[in-house]
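*Asks:* Sending over coords24.cif (mmCIF, C-alpha atoms).
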```cif
data_my_file
loop_
_atom_site.label_atom_id
_atom_site.label_comp_id
_atom_site.auth_asym_id
_atom_site.auth_seq_id
_atom_site.Cartn_x
_atom_site.Cartn_y
_atom_site.Cartn_z
CA MET A 12 -24.05 -4.92 6.59
CA SER A 13 -27.39 -3.43 5.50
CA SER A 14 -28.77 -6.80 4.45
CA ILE A 15 -28.20 -8.22 7.95
CA ASN A 16 -30.02 -5.39 9.69
CA ARG A 17 -32.78 -5.18 7.14
CA LYS A 18 -35.09 -7.59 8.93
CA ASN A 19 -35.26 -5.37 12.00
CA LEU A 20 -36.53 -2.37 10.05
CA THR A 21 -40.10 -1.24 9.77
CA PRO A 22 -41.70 -1.35 6.28
CA ALA A 23 -41.42 2.41 6.02
CA GLN A 24 -37.73 2.26 6.74
CA GLN A 25 -37.26 -0.49 4.18
CA GLN A 26 -39.12 1.58 1.62
CA TYR A 27 -36.88 4.49 2.38
CA GLN A 28 -33.78 2.34 1.95
CA ASP A 29 -34.98 1.19 -1.46
CA PHE A 30 -35.75 4.80 -2.34
CA ALA A 31 -32.30 5.96 -1.27
CA HIS A 32 -30.60 3.04 -2.97
CA ALA A 33 -32.26 3.79 -6.30
CA ARG A 34 -31.03 7.37 -6.14
CA GLU A 35 -27.44 6.62 -5.20
CA PRO A 36 -25.19 7.98 -7.92
CA GLN A 37 -23.96 5.12 -10.10
CA ARG A 38 -20.21 4.73 -9.84
CA PRO A 39 -18.57 4.94 -13.24
CA ILE A 40 -16.60 1.77 -12.62
CA PHE A 41 -15.09 1.45 -16.07
CA ALA A 42 -13.91 5.07 -16.26
CA ASN A 43 -12.52 4.78 -12.73
CA CYS A 44 -10.59 1.66 -13.68
CA VAL A 45 -9.09 3.34 -16.74
CA ARG A 46 -8.01 6.28 -14.61
CA ALA A 47 -6.62 3.99 -11.90
CA PHE A 48 -4.69 2.09 -14.58
CA ILE A 49 -3.17 5.26 -16.02
CA ALA A 50 -2.37 6.87 -12.65
CA GLY A 51 -1.01 3.66 -11.11
CA GLY A 52 0.97 2.76 -14.19
CA PHE A 53 2.42 6.26 -14.32
CA ILE A 54 3.54 6.13 -10.67
CA CYS A 55 5.13 2.72 -11.17
CA THR A 56 6.91 3.99 -14.28
CA ILE A 57 8.38 6.84 -12.22
CA GLY A 58 9.44 4.20 -9.69
CA GLN A 59 11.12 2.25 -12.47
CA ALA A 60 12.96 5.41 -13.58
CA VAL A 61 14.14 6.10 -10.01
CA GLN A 62 15.30 2.50 -9.74
CA LEU A 63 17.21 2.76 -13.01
CA PHE A 64 18.79 5.98 -11.74
CA PHE A 65 20.04 4.21 -8.59
CA ILE A 66 21.31 1.23 -10.59
CA THR A 67 23.22 3.35 -13.12
CA PHE A 68 24.68 6.03 -10.86
CA PHE A 69 24.98 4.50 -7.37
CA ASN A 70 26.13 0.92 -7.95
CA PHE A 71 22.97 -0.72 -6.69
CA ASN A 72 21.85 -3.92 -8.35
CA GLU A 73 18.28 -4.82 -9.18
CA LYS A 74 17.71 -6.47 -5.82
CA THR A 75 19.12 -3.74 -3.56
CA ALA A 76 17.76 -0.78 -5.56
CA GLY A 77 14.25 -1.47 -4.23
CA ASP A 78 14.81 0.15 -0.83
CA PRO A 79 16.18 3.53 -1.92
CA THR A 80 13.54 3.63 -4.66
CA VAL A 81 10.73 3.19 -2.15
CA ALA A 82 12.30 5.84 0.09
CA VAL A 83 12.52 8.34 -2.78
CA MET A 84 8.93 7.61 -3.87
CA ILE A 85 7.79 8.20 -0.29
CA MET A 86 9.72 11.47 -0.11
CA ILE A 87 8.16 12.70 -3.36
CA SER A 88 4.71 11.72 -2.15
CA VAL A 89 5.16 13.48 1.20
CA ILE A 90 6.33 16.67 -0.53
CA LEU A 91 3.36 16.59 -2.91
CA THR A 92 1.03 15.96 0.03
CA SER A 93 2.52 18.87 2.00
CA LEU A 94 1.98 21.18 -0.96
CA GLY A 95 -1.62 19.97 -1.20
CA MET A 96 -1.09 18.46 -4.65
CA TYR A 97 -1.44 14.75 -3.94
CA ASP A 98 -5.09 15.13 -3.02
CA HIS A 99 -5.84 16.56 -6.45
CA LEU A 100 -4.09 13.63 -8.06
CA ALA A 101 -5.95 11.22 -5.80
CA GLN A 102 -9.29 12.74 -6.74
CA TRP A 103 -8.57 11.94 -10.36
CA GLY A 104 -6.69 8.67 -10.01
CA GLY A 105 -8.69 6.89 -7.29
CA ALA A 106 -7.03 3.60 -6.41
CA GLY A 107 -4.28 4.39 -8.91
CA THR A 108 -2.84 6.81 -6.37
CA ALA A 109 -3.92 4.92 -3.22
CA VAL A 110 -2.48 1.50 -4.00
CA PRO A 111 1.17 2.41 -4.74
CA VAL A 112 3.43 3.01 -1.76
CA THR A 113 3.03 6.74 -2.42
CA GLY A 114 -0.58 6.43 -1.26
CA PHE A 115 0.62 4.84 1.96
CA ALA A 116 2.99 7.77 2.54
CA ASN A 117 0.21 10.18 1.62
CA THR A 118 -2.07 8.80 4.35
CA ILE A 119 0.72 9.16 6.94
CA ALA A 120 1.70 12.68 5.87
CA SER A 121 -1.86 13.97 5.57
CA ALA A 122 -2.91 12.45 8.90
CA SER A 123 0.04 14.05 10.67
CA LEU A 124 -0.51 17.41 8.97
CA ASP A 125 -4.21 17.42 9.77
CA SER A 126 -3.69 16.72 13.44
CA LYS A 127 -0.90 19.26 13.87
CA SER A 128 -3.35 21.59 15.63
CA GLU A 129 -3.83 19.00 18.39
CA GLY A 130 -0.18 19.23 19.36
CA PHE A 131 2.87 17.28 18.37
CA VAL A 132 2.76 14.39 20.83
CA LEU A 133 -0.91 13.48 20.96
CA GLY A 134 -1.84 15.06 17.63
CA VAL A 135 0.93 14.25 15.17
CA GLY A 136 2.41 11.32 17.10
CA GLY A 137 -0.91 9.77 17.99
CA ASN A 138 -2.73 10.17 14.70
CA MET A 139 0.05 9.60 12.20
CA PHE A 140 -0.87 5.94 11.72
CA LYS A 141 -4.62 6.43 11.87
CA ILE A 142 -5.11 5.17 8.30
CA ALA A 143 -1.76 3.48 7.69
CA GLY A 144 -1.95 1.56 10.98
CA PRO A 145 -4.37 -1.13 9.78
CA VAL A 146 -2.10 -1.81 6.80
CA ILE A 147 0.86 -2.43 9.09
CA VAL A 148 -1.14 -4.45 11.63
CA PHE A 149 -2.73 -6.77 9.08
CA GLY A 150 0.43 -6.92 6.99
CA VAL A 151 2.55 -7.96 9.96
CA PHE A 152 0.02 -10.44 11.28
CA SER A 153 -0.56 -12.14 7.94
CA ALA A 154 3.18 -12.19 7.26
CA PHE A 155 3.67 -13.78 10.67
CA VAL A 156 1.12 -16.50 9.95
CA VAL A 157 2.50 -17.17 6.47
CA ALA A 158 6.09 -17.30 7.75
CA ILE A 159 5.22 -19.63 10.63
CA ILE A 160 3.39 -21.99 8.27
CA LYS A 161 6.29 -21.99 5.86
CA VAL A 162 8.90 -22.55 8.60
CA THR A 163 6.83 -25.40 10.02
CA ILE A 164 6.45 -27.08 6.64
CA LYS A 165 10.17 -26.72 6.06
CA SER A 166 11.11 -28.20 9.41
CA LEU A 167 8.81 -31.15 8.74
CA GLY A 168 10.83 -31.80 5.63
CA GLY A 169 8.43 -30.50 3.01
CA MET A 170 9.07 -28.00 0.17
CA MET B 1 12.42 0.70 -22.40
CA GLU B 2 10.65 -2.62 -22.30
CA LYS B 3 11.00 -2.52 -18.50
CA PHE B 4 9.10 0.77 -18.36
CA VAL B 5 6.21 -0.63 -20.36
CA LEU B 6 6.03 -3.70 -18.13
CA ALA B 7 6.15 -1.52 -15.01
CA PHE B 8 3.34 0.64 -16.38
CA VAL B 9 1.11 -2.28 -17.36
CA VAL B 10 1.60 -4.44 -14.27
CA GLY B 11 1.49 -1.49 -11.84
CA GLY B 12 -1.62 -0.20 -13.57
CA ALA B 13 -3.22 -3.63 -13.43
CA ILE B 14 -2.66 -3.92 -9.67
CA CYS B 15 -4.24 -0.49 -9.22
CA VAL B 16 -7.23 -1.59 -11.31
CA ILE B 17 -7.67 -4.55 -8.94
CA GLY B 18 -7.67 -2.00 -6.10
CA GLN B 19 -10.20 0.16 -7.92
CA LEU B 20 -12.46 -2.85 -8.51
CA LEU B 21 -12.29 -3.71 -4.80
CA MET B 22 -13.25 -0.13 -3.97
CA ASP B 23 -16.04 0.30 -6.53
CA GLY B 24 -17.28 -3.27 -6.99
CA LEU B 25 -17.22 -4.44 -3.38
CA LYS B 26 -17.59 -0.88 -1.99
CA LEU B 27 -14.58 -1.20 0.28
CA THR B 28 -12.97 1.87 1.82
CA PRO B 29 -9.42 2.72 0.67
CA ALA B 30 -8.10 1.38 4.00
CA HIS B 31 -9.86 -1.97 3.48
CA THR B 32 -8.53 -2.10 -0.07
CA MET B 33 -4.96 -1.50 1.08
CA VAL B 34 -5.29 -4.13 3.83
CA THR B 35 -6.66 -6.66 1.32
CA LEU B 36 -3.77 -6.03 -1.07
CA VAL B 37 -1.15 -6.26 1.67
CA VAL B 38 -2.54 -9.57 2.90
CA SER B 39 -2.68 -10.93 -0.67
CA GLY B 40 0.90 -9.77 -1.15
CA ALA B 41 1.96 -11.63 1.99
CA VAL B 42 0.25 -14.84 0.86
CA LEU B 43 1.71 -14.61 -2.66
CA GLY B 44 5.08 -13.87 -1.07
CA GLY B 45 4.78 -17.04 1.01
CA PHE B 46 4.37 -19.07 -2.17
CA GLY B 47 7.29 -17.24 -3.77
CA ILE B 48 5.06 -15.95 -6.56
CA TYR B 49 5.46 -12.27 -5.78
CA ASP B 50 9.23 -12.30 -6.26
CA LYS B 51 8.74 -13.73 -9.72
CA LEU B 52 6.33 -10.91 -10.47
CA ILE B 53 8.92 -8.36 -9.32
CA LYS B 54 11.55 -9.99 -11.49
CA PHE B 55 9.15 -9.74 -14.41
CA ALA B 56 7.76 -6.24 -13.89
CA GLY B 57 10.32 -4.42 -11.74
CA ALA B 58 8.84 -1.33 -10.12
CA GLY B 59 5.42 -2.27 -11.48
CA ALA B 60 5.26 -4.89 -8.74
CA SER B 61 7.59 -3.37 -6.14
CA VAL B 62 5.93 0.06 -5.86
CA PRO B 63 2.32 -1.07 -5.12
CA ILE B 64 1.51 -1.66 -1.45
CA SER B 65 1.11 -5.43 -2.01
CA ASN B 66 4.90 -5.58 -2.08
CA PHE B 67 4.85 -4.46 1.56
CA GLY B 68 3.24 -7.75 2.57
CA ASN B 69 5.66 -9.66 0.38
CA GLN B 70 8.66 -7.96 1.97
CA LEU B 71 7.38 -8.63 5.49
CA VAL B 72 7.21 -12.34 4.72
CA LYS B 73 10.57 -12.24 2.99
CA GLY B 74 12.30 -10.59 5.96
CA ALA B 75 10.74 -13.06 8.39
CA LEU B 76 11.75 -16.09 6.30
CA GLN B 77 15.29 -14.86 5.68
CA GLU B 78 15.90 -14.35 9.38
CA ALA B 79 14.19 -17.65 10.25
CA GLU B 80 16.65 -19.34 7.93
CA THR B 81 19.61 -18.23 10.06
CA THR B 82 18.26 -18.02 13.61
CA GLY B 83 15.36 -20.44 13.65
CA ILE B 84 11.76 -19.75 14.63
CA VAL B 85 12.58 -16.62 16.67
CA GLY B 86 13.80 -15.10 13.42
CA VAL B 87 10.18 -14.74 12.32
CA LEU B 88 9.76 -12.11 15.05
CA THR B 89 13.12 -10.40 14.70
CA GLY B 90 13.23 -10.39 10.91
CA ILE B 91 9.70 -9.30 10.02
CA PHE B 92 10.62 -5.62 9.58
CA GLU B 93 14.09 -6.24 8.21
CA VAL B 94 13.35 -5.54 4.56
CA THR B 95 10.52 -3.02 5.02
CA SER B 96 12.48 -0.88 7.46
CA ALA B 97 13.37 1.64 4.73
CA GLY B 98 9.75 2.20 3.75
CA ILE B 99 8.33 2.55 7.24
CA SER B 100 11.19 4.69 8.58
CA ALA B 101 11.09 6.95 5.53
CA ALA B 102 7.32 7.37 5.85
CA ILE B 103 7.53 8.23 9.56
CA ILE B 104 10.52 10.57 9.23
CA PHE B 105 9.29 12.47 6.18
CA GLY B 106 5.74 12.57 7.51
CA PHE B 107 6.94 14.06 10.78
CA LEU B 108 9.21 16.55 9.02
CA ALA B 109 6.27 17.59 6.85
CA SER B 110 4.15 18.26 9.91
CA LEU B 111 6.97 20.39 11.32
CA LEU B 112 7.45 22.42 8.15
CA PHE B 113 4.01 22.70 6.57
CA ARG B 114 0.49 23.71 7.48
CA PRO B 115 -2.50 21.68 6.32
CA LYS B 116 -3.84 22.85 2.97
CA GLY B 117 -7.46 23.19 1.92
#
```
Could you spell out this file's structure in structure tokens?

*Replies:*
Amino acid sequence: MSSINRKNLTPAQQQYQDFAHAREPQRPIFANCVRAFIAGGFICTIGQAVQLFFITFFNFNEKTAGDPTVAVMIMISVILTSLGMYDHLAQWGGAGTAVPVTGFANTIASASLDSKSEGFVLGVGGNMFKIAGPVIVFGVFSAFVVAIIKVTIKSLGGM
Amino acid sequence: MEKFVLAFVVGGAICVIGQLLMDGLKLTPAHTMVTLVVSGAVLGGFGIYDKLIKFAGAGASVPISNFGNQLVKGALQEAETTGIVGVLTGIFEVTSAGISAAIIFGFLASLLFRPKG
């Protein structure tokens, strides 16, 4: 973005941008990745444990256990978010807490909690999908395109 | 036990990809999630994602990329039985649990709790 607009800036502005850029705090990418790996791996391990629990005690098989597992993970995440604990985890884990489905639930729960003061219909109802909305929109659209392509190929006799 | 290790490693690896998108390409978390969902949908279309789930269990099914995979899966399953309209009617078939749970629990939370900090 900044590189496109750069030409329209005065020299002083460009100088300032360089100045600001040099003083931006360096992101500790490696440390962040290690944390994301640990946090994400930990959450997925919990998911695996929940899945095993459903398979052993509720007669689900490996294919059908996915749905209740996701629901339980979402419930845990929403409870942690409501108690204000997920944000602390997210501060430490970065993408490790944002990428699993718990992060998706966290964005929904925190958006609806934050906008509670604006009322239930326009506040909670309207803002719930503020952050999670794009995920659903792009997910559905790309899935639609992929599915249409695949169905077309199949009907033409390929694959 | 082996399953747990695989879930940890693969789930962690997907999160590292997310972290690299966020730090390396300076994407916002929302952009990162969208990118992963779209990649999941494309991999799902090729049937690669299901193999990953078979290999890593929850390590592949808990990250958000599985959401895209499941959308494609639902659409294709329904298209199999009802033809091209099935793509529209089936797209949420498999993901229904995740979306409904998120909406219901999120709404309950806003009824029961006040925002913290």

*Asks:* Go through A:Val45, A:Leu94, A:Leu100, A:Val112 and flag the residue nearest Gly77 (chain A), using all atoms listed in the file for the distances.

*Replies:*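 Looking at the shortest contact to Gly77 (chain A), the residue is A:Val112.
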
*Asks:* For chain B, list the residues within 7 Å of chain A, counting all atoms listed in the file, and write the list as JSON, numbers by chain.

*Replies:* {"B": [4, 7, 8, 9, 11, 12, 13, 15, 16, 18, 19, 23, 30, 33, 34, 37, 38, 41, 42, 45, 57, 58, 59, 62, 63, 64, 68, 71, 72, 75, 76, 87, 97, 98, 101, 102, 105, 106, 107, 109, 110, 113, 114, 115, 116]}

*Asks:* For a test of reading the model, state the distance in Å between CA of Gly83 (chain B) and CA of Ile164 (chain A), rounded to one decimal.

*Replies:*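 A separation of 13.1 Å between them.
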
*Asks:* For a test of reading the model, state the distance in Å between CA of Thr89 (chain B) and CA of Lys73 (chain B), rounded to one decimal.

*Replies:*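 Between CA of Thr89 (chain B) and CA of Lys73 (chain B) the gap is 12.1 Å.
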
*Asks:* So for region 56-71 of chain A, what box centre and size do we get, axis-aligned, 8 Å extra on each of the six sides, every listed atom, Å to one decimal, as AutoDock Vina command-line options?

*Replies:*
```
--center_x 16.5 --center_y 3.1 --center_z -10.5 --size_x 35.2 --size_y 23.6 --size_z 23.6
```

*Asks:* What gap, in Å, lies between CA of Phe68 (chain A) and CA of Phe67 (chain B)?

*Replies:* 25.6 Å

*Asks:* Excluding same-chain residues fewer than 6 positions from Phe55 (chain B), what lies within 10 Å of it counting all atoms listed in the file, as a PDB file with C-alpha atoms, in the frame of the given file?

*Replies:*
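See result-v6.pdb below for the written result:
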```
ATOM      1  CA  LYS B   3      11.000  -2.520 -18.500  1.00  0.00           C
ATOM      2  CA  LEU B   6       6.030  -3.700 -18.130  1.00  0.00           C
ATOM      3  CA  ALA B   7       6.150  -1.520 -15.010  1.00  0.00           C
ATOM      4  CA  VAL B  10       1.600  -4.440 -14.270  1.00  0.00           C
ATOM      5  CA  TYR B  49       5.460 -12.270  -5.780  1.00  0.00           C
TER       6      TYR B  49
END
```
